[in-house]
>>> print(open('coords-v6.txt').read())   # compact mmCIF, C-alpha atoms
# COMPACT_ATOMS: atom_id res chain seq x y z
CA MET A 1 15.86 -19.46 -1.23
CA THR A 2 15.17 -16.98 -3.99
CA HIS A 3 13.26 -13.79 -3.23
CA LYS A 4 10.15 -15.26 -4.84
CA GLU A 5 10.42 -18.51 -2.88
CA ARG A 6 10.64 -16.62 0.42
CA ILE A 7 7.48 -14.67 -0.34
CA GLU A 8 5.63 -17.74 -1.59
CA ASN A 9 6.54 -19.66 1.55
CA ALA A 10 5.56 -16.81 3.85
CA LEU A 11 2.16 -16.45 2.16
CA ALA A 12 1.63 -20.20 2.45
CA MET A 13 2.54 -20.09 6.17
CA ARG A 14 5.63 -22.25 5.55
CA GLU A 15 9.14 -21.79 6.93
CA THR A 16 11.70 -19.59 5.21
CA ASP A 17 15.49 -19.58 5.32
CA ARG A 18 15.49 -16.08 6.81
CA LEU A 19 13.03 -13.34 7.58
CA PRO A 20 11.51 -12.14 4.26
CA TYR A 21 11.19 -8.39 4.01
CA GLY A 22 10.23 -5.36 1.97
CA MET A 23 10.69 -1.60 2.25
CA TRP A 24 9.07 1.27 0.39
CA LEU A 25 9.24 5.05 0.27
CA HIS A 26 8.15 7.85 -2.04
CA PHE A 27 10.45 9.58 -4.53
CA PRO A 28 9.07 13.14 -4.69
CA ASN A 29 9.64 15.08 -7.93
CA GLU A 30 10.97 11.91 -9.58
CA ASP A 31 8.03 9.53 -9.38
CA ARG A 32 5.95 11.03 -12.22
CA MET A 33 8.59 10.09 -14.79
CA PRO A 34 8.20 6.44 -15.85
CA VAL A 35 11.87 5.73 -16.48
CA ARG A 36 13.09 7.44 -13.32
CA LEU A 37 10.54 5.69 -11.10
CA ALA A 38 11.54 2.33 -12.58
CA GLU A 39 15.25 3.08 -12.11
CA LEU A 40 14.84 4.16 -8.48
CA THR A 41 12.62 1.18 -7.69
CA LEU A 42 15.20 -1.21 -9.11
CA ARG A 43 18.08 0.58 -7.38
CA TYR A 44 16.51 0.27 -3.94
CA GLN A 45 15.57 -3.36 -4.51
CA ARG A 46 19.15 -4.24 -5.42
CA GLU A 47 20.88 -2.17 -2.75
CA LEU A 48 18.60 -3.35 0.04
CA ASP A 49 18.19 -6.91 -1.29
CA LEU A 50 14.41 -6.64 -0.95
CA ASP A 51 12.36 -9.82 -1.25
CA PHE A 52 9.46 -7.95 -2.82
CA VAL A 53 8.78 -4.51 -4.26
CA LYS A 54 5.85 -2.30 -3.41
CA TYR A 55 5.61 0.00 -6.43
CA MET A 56 5.44 3.65 -5.38
CA PRO A 57 3.63 6.01 -7.75
CA TYR A 58 2.94 9.41 -6.21
CA GLY A 59 0.07 9.40 -3.76
CA MET A 60 -2.38 11.69 -5.60
CA HIS A 61 -2.31 9.91 -8.95
CA SER A 62 -5.88 8.61 -8.70
CA THR A 63 -7.34 12.12 -8.36
CA ILE A 64 -5.70 14.13 -11.14
CA ASP A 65 -8.17 13.25 -13.89
CA TRP A 66 -11.04 14.45 -11.68
CA GLY A 67 -9.52 17.88 -11.18
CA SER A 68 -6.93 17.70 -8.42
CA GLN A 69 -4.01 20.11 -8.61
CA LEU A 70 -0.80 19.77 -6.64
CA ASN A 71 1.61 21.98 -4.76
CA LEU A 72 5.12 20.79 -5.52
CA PHE A 73 8.20 21.55 -3.41
CA PRO A 74 11.90 21.83 -4.24
CA GLY A 75 14.16 18.90 -3.60
CA PHE A 76 13.39 15.23 -3.20
CA ASP A 77 12.15 14.90 0.40
CA ARG A 78 8.70 16.50 0.52
CA ILE A 79 5.75 14.81 -1.14
CA PRO A 80 3.25 16.93 -3.15
CA GLU A 81 0.21 18.30 -1.35
CA PRO A 82 -3.28 19.08 -2.69
CA ARG A 83 -3.69 22.62 -3.95
CA ASN A 84 -7.46 22.31 -4.23
CA TRP A 85 -10.40 20.08 -3.31
CA PRO A 86 -12.39 19.26 -6.48
CA ILE A 87 -15.35 18.18 -4.35
CA GLN A 88 -16.50 20.86 -1.90
CA LYS A 89 -20.30 20.87 -2.13
CA PRO A 90 -22.81 18.04 -2.70
CA GLU A 91 -23.42 18.83 -6.38
CA ASP A 92 -19.71 18.44 -7.09
CA TRP A 93 -20.16 14.66 -6.90
CA ASP A 94 -22.01 14.89 -10.22
CA ARG A 95 -18.70 15.91 -11.81
CA ILE A 96 -17.22 12.48 -11.07
CA THR A 97 -17.67 11.09 -14.57
CA PRO A 98 -16.13 7.87 -15.99
CA LYS A 99 -12.38 7.92 -16.63
CA SER A 100 -10.08 5.29 -18.07
CA GLY A 101 -7.97 3.24 -15.69
CA THR A 102 -5.29 2.75 -18.34
CA GLU A 103 -4.86 6.27 -19.68
CA SER A 104 -3.49 9.61 -18.45
CA GLU A 105 -1.91 9.29 -14.99
CA TYR A 106 -2.56 5.55 -14.91
CA ALA A 107 -0.72 5.13 -18.22
CA VAL A 108 2.38 6.68 -16.63
CA ILE A 109 2.33 4.10 -13.83
CA LEU A 110 1.68 1.15 -16.13
CA GLU A 111 4.48 2.23 -18.44
CA SER A 112 6.85 2.53 -15.48
CA GLN A 113 6.06 -0.94 -14.19
CA LYS A 114 6.63 -2.31 -17.70
CA LEU A 115 10.07 -0.70 -17.75
CA PHE A 116 10.84 -2.07 -14.29
CA ARG A 117 10.02 -5.59 -15.42
CA ARG A 118 12.36 -5.24 -18.38
CA MET A 119 15.21 -3.88 -16.24
CA ARG A 120 15.26 -6.43 -13.42
CA ARG A 121 17.79 -9.26 -13.66
CA GLU A 122 15.87 -11.72 -11.48
CA VAL A 123 12.26 -12.37 -10.67
CA VAL A 124 11.49 -10.25 -7.63
CA PRO A 125 7.76 -10.17 -6.80
CA PHE A 126 6.16 -6.76 -7.00
CA VAL A 127 2.77 -5.38 -6.08
CA GLN A 128 1.25 -2.28 -7.65
CA THR A 129 -0.31 0.41 -5.46
CA VAL A 130 -4.10 0.69 -5.79
CA PHE A 131 -6.12 3.07 -3.61
CA SER A 132 -9.53 2.02 -2.38
CA PRO A 133 -12.44 3.98 -3.92
CA MET A 134 -13.17 5.74 -0.62
CA THR A 135 -9.51 6.69 -0.29
CA THR A 136 -9.61 8.36 -3.70
CA ALA A 137 -12.86 10.07 -2.70
CA ALA A 138 -11.23 11.40 0.47
CA LYS A 139 -8.30 12.73 -1.58
CA LEU A 140 -10.81 14.57 -3.79
CA ALA A 141 -12.96 16.03 -1.03
CA SER A 142 -10.91 15.80 2.20
CA ALA A 143 -11.90 13.21 4.78
CA ASP A 144 -14.04 15.64 6.78
CA THR A 145 -16.05 16.82 3.77
CA LEU A 146 -16.49 13.26 2.56
CA ILE A 147 -17.91 12.16 5.91
CA LYS A 148 -20.20 15.19 6.00
CA HIS A 149 -21.52 14.44 2.52
CA LEU A 150 -22.04 10.72 3.04
CA ARG A 151 -24.37 11.64 5.89
CA GLU A 152 -26.12 14.53 4.14
CA CYS A 153 -26.35 13.26 0.56
CA PRO A 154 -25.45 9.54 0.59
CA GLU A 155 -26.85 8.78 -2.87
CA LYS A 156 -24.65 11.40 -4.51
CA VAL A 157 -21.58 10.00 -2.78
CA LYS A 158 -22.49 6.46 -3.79
CA ARG A 159 -22.89 7.44 -7.43
CA GLY A 160 -19.45 9.01 -7.30
CA LEU A 161 -18.00 5.91 -5.65
CA GLU A 162 -19.50 3.69 -8.34
CA VAL A 163 -17.64 5.65 -11.02
CA ILE A 164 -14.40 5.68 -9.05
CA THR A 165 -14.72 1.93 -8.47
CA GLU A 166 -15.05 1.14 -12.18
CA THR A 167 -11.92 3.19 -12.97
CA THR A 168 -10.04 1.54 -10.10
CA ILE A 169 -11.02 -1.94 -11.30
CA GLU A 170 -9.80 -1.21 -14.83
CA TYR A 171 -6.46 0.00 -13.48
CA ALA A 172 -5.99 -2.88 -11.01
CA VAL A 173 -6.77 -5.52 -13.64
CA ALA A 174 -4.43 -3.85 -16.15
CA ALA A 175 -1.61 -3.75 -13.59
CA VAL A 176 -1.93 -7.49 -12.97
CA GLU A 177 -2.37 -8.38 -16.62
CA GLN A 178 0.75 -6.36 -17.42
CA GLY A 179 2.94 -8.24 -14.98
CA ALA A 180 2.32 -7.20 -11.38
CA ASP A 181 2.16 -10.18 -9.03
CA GLY A 182 -0.68 -8.52 -7.15
CA ILE A 183 -1.88 -5.22 -5.77
CA PHE A 184 -1.14 -3.24 -2.64
CA PHE A 185 -4.72 -2.24 -1.84
CA ALA A 186 -4.61 0.77 0.47
CA THR A 187 -7.61 1.86 2.50
CA GLN A 188 -7.24 5.14 4.39
CA MET A 189 -10.90 5.45 5.41
CA SER A 190 -11.34 2.25 7.42
CA ASN A 191 -11.31 4.10 10.71
CA ARG A 192 -13.80 4.90 13.43
CA LYS A 193 -14.44 8.43 12.26
CA ILE A 194 -17.26 6.62 10.47
CA THR A 195 -19.67 4.11 11.98
CA ALA A 196 -19.59 0.37 11.36
CA LYS A 197 -22.61 0.65 9.05
CA GLU A 198 -21.06 3.55 7.16
CA HIS A 199 -17.90 1.51 6.76
CA ALA A 200 -19.90 -1.40 5.36
CA ASP A 201 -21.95 0.78 3.02
CA PHE A 202 -19.29 3.19 1.75
CA VAL A 203 -15.97 1.40 2.16
CA LYS A 204 -16.36 -2.34 2.07
CA ALA A 205 -19.13 -2.33 -0.54
CA TYR A 206 -16.75 -0.72 -3.03
CA ASP A 207 -13.52 -2.38 -1.90
CA LEU A 208 -14.68 -5.93 -2.56
CA PRO A 209 -15.46 -5.47 -6.27
CA VAL A 210 -11.89 -4.23 -6.84
CA LEU A 211 -10.32 -7.11 -4.94
CA ASN A 212 -12.61 -9.68 -6.54
CA ALA A 213 -11.63 -8.36 -9.98
CA VAL A 214 -8.02 -9.49 -9.44
CA LYS A 215 -8.84 -12.57 -7.37
CA GLY A 216 -7.60 -15.64 -9.19
CA LYS A 217 -5.51 -13.50 -11.55
CA SER A 218 -2.79 -12.71 -9.03
CA TRP A 219 -1.10 -14.55 -6.16
CA PHE A 220 0.25 -11.75 -3.95
CA ASN A 221 -2.43 -9.25 -2.97
CA MET A 222 -1.83 -7.10 0.11
CA LEU A 223 -4.34 -5.13 2.12
CA HIS A 224 -2.88 -2.00 3.70
CA ILE A 225 -4.98 -0.66 6.60
CA HIS A 226 -3.86 2.90 7.15
CA GLY A 227 -3.97 4.86 10.38
CA ALA A 228 -5.14 4.45 13.95
CA ASP A 229 -8.41 3.29 15.53
CA THR A 230 -9.34 1.21 12.49
CA TRP A 231 -12.16 -1.23 11.77
CA PHE A 232 -9.49 -3.94 11.73
CA GLY A 233 -11.80 -6.87 12.42
CA GLU A 234 -14.20 -5.82 9.66
CA LEU A 235 -11.47 -6.23 7.03
CA LEU A 236 -10.16 -9.69 7.83
CA ASP A 237 -12.39 -11.44 5.30
CA TYR A 238 -11.03 -9.44 2.36
CA PRO A 239 -9.78 -11.77 -0.43
CA VAL A 240 -6.06 -11.06 -0.01
CA GLN A 241 -3.03 -13.14 0.89
CA ALA A 242 -1.44 -10.65 3.32
CA ILE A 243 -2.26 -7.72 5.58
CA ASN A 244 -0.08 -4.70 6.36
CA TRP A 245 -1.00 -2.14 9.04
CA HIS A 246 0.55 0.12 11.67
CA ASP A 247 1.11 -2.80 14.03
CA ARG A 248 3.92 -1.16 16.05
CA ASP A 249 2.60 2.40 16.10
CA ASP A 250 -1.18 2.07 16.28
CA GLY A 251 -1.95 -1.62 16.79
CA PRO A 252 -3.21 -4.19 17.10
CA ALA A 253 0.08 -5.97 17.72
CA MET A 254 0.80 -8.98 15.56
CA GLY A 255 0.25 -11.37 18.44
CA GLU A 256 -3.26 -10.04 19.03
CA ALA A 257 -4.02 -9.98 15.32
CA ARG A 258 -2.99 -13.62 14.92
CA LYS A 259 -5.75 -14.61 17.33
CA LEU A 260 -8.24 -13.12 14.87
CA VAL A 261 -6.90 -14.36 11.55
CA LYS A 262 -5.02 -17.59 10.85
CA ASP A 263 -4.92 -17.83 7.07
CA LYS A 264 -3.22 -14.60 6.00
CA ALA A 265 0.41 -13.54 6.20
CA PHE A 266 1.29 -10.43 8.19
CA ILE A 267 3.54 -7.76 6.71
CA GLY A 268 4.96 -5.36 9.26
CA GLY A 269 6.92 -5.43 12.49
CA LEU A 270 8.87 -2.21 12.01
CA SER A 271 7.67 1.15 13.34
CA HIS A 272 7.67 3.65 10.46
CA ILE A 273 6.76 6.58 12.74
CA LYS A 274 9.25 6.23 15.59
CA THR A 275 11.83 3.47 15.29
CA LEU A 276 12.77 3.52 11.60
CA PRO A 277 13.34 7.30 11.30
CA LYS A 278 14.43 8.12 14.87
CA GLY A 279 15.19 4.95 16.83
CA THR A 280 18.61 3.63 17.76
CA GLU A 281 20.18 0.74 15.90
CA ASP A 282 19.55 -1.44 18.94
CA GLU A 283 15.84 -0.56 18.81
CA ILE A 284 15.64 -1.34 15.10
CA LYS A 285 17.42 -4.66 15.59
CA ALA A 286 15.16 -5.57 18.52
CA GLN A 287 12.01 -5.06 16.45
CA ILE A 288 13.42 -7.17 13.62
CA GLU A 289 14.42 -9.99 15.95
CA ASP A 290 11.05 -9.84 17.70
CA THR A 291 9.23 -10.07 14.37
CA TRP A 292 11.28 -13.11 13.34
CA ASN A 293 10.84 -14.88 16.66
CA ARG A 294 7.18 -13.96 17.05
CA GLY A 295 6.41 -15.26 13.61
CA GLU A 296 8.19 -18.52 14.42
CA SER A 297 9.50 -18.16 10.85
CA ARG A 298 6.04 -18.68 9.40
CA GLY A 299 3.57 -16.27 7.84
CA VAL A 300 5.46 -13.05 8.59
CA ILE A 301 7.19 -10.62 6.24
CA LEU A 302 9.10 -7.72 7.77
CA ALA A 303 8.18 -4.23 6.56
CA PRO A 304 7.31 -0.82 7.94
CA GLY A 305 3.69 -0.27 8.95
CA CYS A 306 3.53 2.31 6.17
CA GLY A 307 5.98 3.95 3.80
CA ALA A 308 9.35 5.07 5.13
CA LEU A 309 9.85 8.83 5.10
CA PRO A 310 11.53 9.98 1.86
CA ALA A 311 14.27 11.65 3.90
CA THR A 312 15.20 8.41 5.71
CA PRO A 313 18.98 8.02 5.26
CA LEU A 314 20.01 5.09 3.09
CA ASP A 315 22.40 3.97 5.85
CA ARG A 316 19.44 3.23 8.14
CA LEU A 317 17.73 1.19 5.45
CA LEU A 318 20.94 -0.71 4.79
CA PHE A 319 21.16 -1.46 8.51
CA VAL A 320 17.69 -3.03 8.33
CA SER A 321 18.90 -5.18 5.44
CA LYS A 322 21.95 -6.25 7.46
CA CYS A 323 19.79 -7.24 10.44
CA VAL A 324 17.48 -9.22 8.18
CA ARG A 325 20.41 -11.19 6.76
CA GLU A 326 21.48 -12.03 10.31
CA THR A 327 18.23 -13.95 10.82
CA ALA A 328 19.41 -16.52 8.26
CA ARG A 329 19.48 -20.09 9.45
CA ALA A 330 22.86 -21.74 9.87
>>> encode(input="coords-v6.txt", output="structure tokens")
Amino acid sequence: MTHKERIENALAMRETDRLPYGMWLHFPNEDRMPVRLAELTLRYQRELDLDFVKYMPYGMHSTIDWGSQLNLFPGFDRIPEPRNWPIQKPEDWDRITPKSGTESEYAVILESQKLFRRMRREVVPFVQTVFSPMTTAAKLASADTLIKHLRECPEKVKRGLEVITETTIEYAVAAVEQGADGIFFATQMSNRKITAKEHADFVKAYDLPVLNAVKGKSWFNMLHIHGADTWFGELLDYPVQAINWHDRDDGPAMGEARKLVKDKAFIGGLSHIKTLPKGTEDEIKAQIEDTWNRGESRGVILAPGCGALPATPLDRLLFVSKCVRETARA
């Protein structure tokens, strides 16, 4: 099978010739340059023989136009950290004014994905990273301040979320129209630090318009549920073809999740916190074999529960690729 055929079959819950898989990690101090990000993305796809690419712009890109500043660190292993919180008090939400989803920082990402498409020699599916509106809000305010404000001044937060959502929609649609096969929609606020009603009112209400904007325009949309103690069951009706979450490190396990959802592929099976960076080769191989066998070769794509650490040695990633190839049918 080709890379594209493996992913198509997995999403359709059909058999594949081997375990399909993907791997992603950040490229600190290199990922804000369109050409360099495209080159590194292509290099890792070729060296690891990835079946799909999760495009990896730097994690604060959606906040810069609203005033975020970054602390950068020497070398290529440590991701940037926020230097400031643009939203600190309730009235700061009024400063969230409309921004373009195709200009400034977003233009850098869209240009990079265009270059990647030109450079690749074969059609390897790729999904572009899109943060949920509440995730961007948390990156602007900090999660604790955001939760405090949504309880003290909910209308101000909602007005801010409406603006963020419109920008996010413009970016997501542009990414798909410019060649991405779908989006990697990451929600980092779908956890039980907020109530079920707060999740419905502040997370889901703004997530669905983004996902519906690319529905029917793309065939490979992934939902990434970040963190522990999540509202997992509340997200299963999202209009996506696949779900990725911390299945090994925070749960639920794939077997339990399959009892809840039958029509979506699962992307995971490899611990990004313990096994991938620190586990033995036997432990890595065991998780890969378990994922292949548990999936009964249908509806499962191997990947880490979240991004691999930038400092993860290439040899370990190549070992994952070797183990994946060993699942091939005779």
>>> atom_distance(input="coords-v6.txt", atom1="atom CA of A:Gly279", atom2="atom CA of A:Lys322")
16.1 Å
>>> closest_atom_pairs(input="coords-v6.txt", of="stretch 134-194 of chain A", to="stretch 202-223 of chain A", cutoff="9 Å", atoms="all atoms listed in the file", output="Markdown table")
| residue | atom | partner | partner_atom | distance |
| --- | --- | --- | --- | --- |
| A:Met134 | CA | A:Val203 | CA | 5.9 |
| A:Thr135 | CA | A:Val203 | CA | 8.7 |
| A:Leu150 | CA | A:Phe202 | CA | 8.1 |
| A:Pro154 | CA | A:Phe202 | CA | 8.9 |
| A:Val157 | CA | A:Phe202 | CA | 8.5 |
| A:Lys158 | CA | A:Phe202 | CA | 7.2 |
| A:Leu161 | CA | A:Tyr206 | CA | 7.2 |
| A:Glu162 | CA | A:Tyr206 | CA | 7.4 |
| A:Thr165 | CA | A:Tyr206 | CA | 6.4 |
| A:Glu166 | CA | A:Val210 | CA | 8.2 |
| A:Thr168 | CA | A:Val210 | CA | 6.9 |
| A:Ile169 | CA | A:Val210 | CA | 5.1 |
| A:Glu170 | CA | A:Val210 | CA | 8.8 |
| A:Ala172 | CA | A:Val214 | CA | 7.1 |
| A:Val173 | CA | A:Val214 | CA | 5.9 |
| A:Val176 | CA | A:Ser218 | CA | 6.6 |
| A:Glu177 | CA | A:Lys217 | CA | 7.9 |
| A:Ala180 | CA | A:Ser218 | CA | 7.9 |
| A:Asp181 | CA | A:Ser218 | CA | 5.6 |
| A:Gly182 | CA | A:Asn221 | CA | 4.6 |
| A:Ile183 | CA | A:Asn221 | CA | 4.9 |
| A:Phe184 | CA | A:Met222 | CA | 4.8 |
| A:Phe185 | CA | A:Leu223 | CA | 4.9 |
| A:Ala186 | CA | A:Leu223 | CA | 6.1 |
| A:Thr187 | CA | A:Leu223 | CA | 7.7 |
| A:Met189 | CA | A:Val203 | CA | 7.3 |
| A:Ser190 | CA | A:Val203 | CA | 7.1 |
>>> residues_around(input="coords-v6.txt", residues="A:Arg6", least_positions_apart="6", cutoff="10 Å", atoms="all atoms listed in the file", output="PyMOL selection string")
chain A and resi 12+14-21+51-52+301
>>> closest_residue(input="coords-v6.txt", among="A:Gly307, A:Lys197, A:Leu314, A:Glu152", to="A:Lys54", atoms="all atoms listed in the file")
A:Gly307
>>> closest_residue(input="coords-v6.txt", among="A:Ile7, A:Leu25, A:Val127, A:Ala196", to="A:Leu276", atoms="only C-alpha atoms")
A:Leu25
>>> atom_distance(input="coords-v6.txt", atom1="atom CA of A:Gly305", atom2="atom CA of A:Ser271")
6.1 Å
>>> atom_distance(input="coords-v6.txt", atom1="atom CA of A:Arg117", atom2="atom CA of A:Gly179")
7.6 Å
>>> residues_around(input="coords-v6.txt", residues="A:Cys153", least_positions_apart="5", cutoff="10 Å", atoms="all atoms listed in the file", output="ChimeraX atom specification")
/A:90-91,93,148,158
>>> closest_residue(input="coords-v6.txt", among="A:Met23, A:Leu48, A:Ile164, A:Ala311", to="A:Gly269", atoms="all atoms listed in the file")
A:Met23
>>> residues_around(input="coords-v6.txt", residues="A:Asn29", least_positions_apart="6", cutoff="9 Å", atoms="all atoms listed in the file", output="number ranges by chain")
A: 58, 72-80
>>> residues_near_point(input="coords-v6.txt", point="(-12.1, 11.3, -1.3)", cutoff="10 Å", atoms="all atoms listed in the file", output="PyMOL selection string")
chain A and resi 63+85-87+132-147+157+160-161+164+188-189
>>> residues_around(input="coords-v6.txt", residues="A:Ala257", least_positions_apart="2", cutoff="10 Å", atoms="only C-alpha atoms", output="JSON, numbers by chain")
{"A": [232, 233, 236, 247, 251, 252, 253, 254, 255, 259, 260, 261, 262, 266]}
>>> closest_residue(input="coords-v6.txt", among="A:Gln69, A:Gln45, A:Asn84, A:Thr102", to="A:Arg121", atoms="all atoms listed in the file")
A:Gln45
>>> closest_residue(input="coords-v6.txt", among="A:Ala174, A:Lys278, A:Trp292, A:Phe126", to="A:Pro313", atoms="all atoms listed in the file")
A:Lys278
>>> closest_residue(input="coords-v6.txt", among="A:Val35, A:Ala10, A:Ala175, A:Ile225", to="A:Arg118", atoms="only C-alpha atoms")
A:Val35
>>> residues_around(input="coords-v6.txt", residues="stretch 286-289 of chain A", least_positions_apart="6", cutoff="8 Å", atoms="only C-alpha atoms", output="PDB file with C-alpha atoms, keeping the file's coordinate frame")
ATOM      1  CA  GLY A 269       6.920  -5.430  12.490  1.00  0.00           C
ATOM      2  CA  LEU A 270       8.870  -2.210  12.010  1.00  0.00           C
ATOM      3  CA  LEU A 302       9.100  -7.720   7.770  1.00  0.00           C
ATOM      4  CA  VAL A 320      17.690  -3.030   8.330  1.00  0.00           C
ATOM      5  CA  CYS A 323      19.790  -7.240  10.440  1.00  0.00           C
ATOM      6  CA  VAL A 324      17.480  -9.220   8.180  1.00  0.00           C
ATOM      7  CA  THR A 327      18.230 -13.950  10.820  1.00  0.00           C
TER       8      THR A 327
END
>>> build_atoms(input="coords-v6.txt", residues="stretch 292-307 of chain A", atoms="N, CA and C atoms", output="tab-separated table (two decimals), in the coordinates of the input")
chain	number	residue	atom	x	y	z
A	292	TRP	N	10.85	-11.78	13.78
A	292	TRP	CA	11.28	-13.11	13.34
A	292	TRP	C	10.89	-14.18	14.36
A	293	ASN	N	11.14	-13.89	15.62
A	293	ASN	CA	10.84	-14.88	16.66
A	293	ASN	C	9.33	-15.03	16.88
A	294	ARG	N	8.62	-13.90	16.84
A	294	ARG	CA	7.18	-13.96	17.05
A	294	ARG	C	6.50	-14.74	15.93
A	295	GLY	N	7.01	-14.56	14.73
A	295	GLY	CA	6.41	-15.26	13.61
A	295	GLY	C	6.77	-16.73	13.58
A	296	GLU	N	7.73	-17.14	14.42
A	296	GLU	CA	8.19	-18.52	14.42
A	296	GLU	C	8.53	-18.95	13.00
A	297	SER	N	9.04	-17.98	12.23
A	297	SER	CA	9.50	-18.16	10.85
A	297	SER	C	8.38	-18.60	9.91
A	298	ARG	N	7.15	-18.32	10.27
A	298	ARG	CA	6.04	-18.68	9.40
A	298	ARG	C	5.05	-17.51	9.28
A	299	GLY	N	4.67	-17.21	8.06
A	299	GLY	CA	3.57	-16.27	7.84
A	299	GLY	C	3.86	-14.83	8.19
A	300	VAL	N	5.13	-14.43	8.25
A	300	VAL	CA	5.46	-13.05	8.59
A	300	VAL	C	6.51	-12.52	7.61
A	301	ILE	N	6.26	-11.32	7.11
A	301	ILE	CA	7.19	-10.62	6.24
A	301	ILE	C	7.48	-9.27	6.89
A	302	LEU	N	8.74	-8.98	7.14
A	302	LEU	CA	9.10	-7.72	7.77
A	302	LEU	C	8.89	-6.55	6.81
A	303	ALA	N	8.34	-5.46	7.33
A	303	ALA	CA	8.18	-4.23	6.56
A	303	ALA	C	7.78	-3.13	7.54
A	304	PRO	N	7.87	-1.89	7.12
A	304	PRO	CA	7.31	-0.82	7.94
A	304	PRO	C	5.79	-0.89	7.91
A	305	GLY	N	5.15	-0.29	8.92
A	305	GLY	CA	3.69	-0.27	8.95
A	305	GLY	C	3.11	0.58	7.86
A	306	CYS	N	3.90	1.48	7.32
A	306	CYS	CA	3.53	2.31	6.17
A	306	CYS	C	4.84	2.74	5.52
A	307	GLY	N	4.77	3.59	4.52
A	307	GLY	CA	5.98	3.95	3.80
A	307	GLY	C	7.00	4.65	4.68
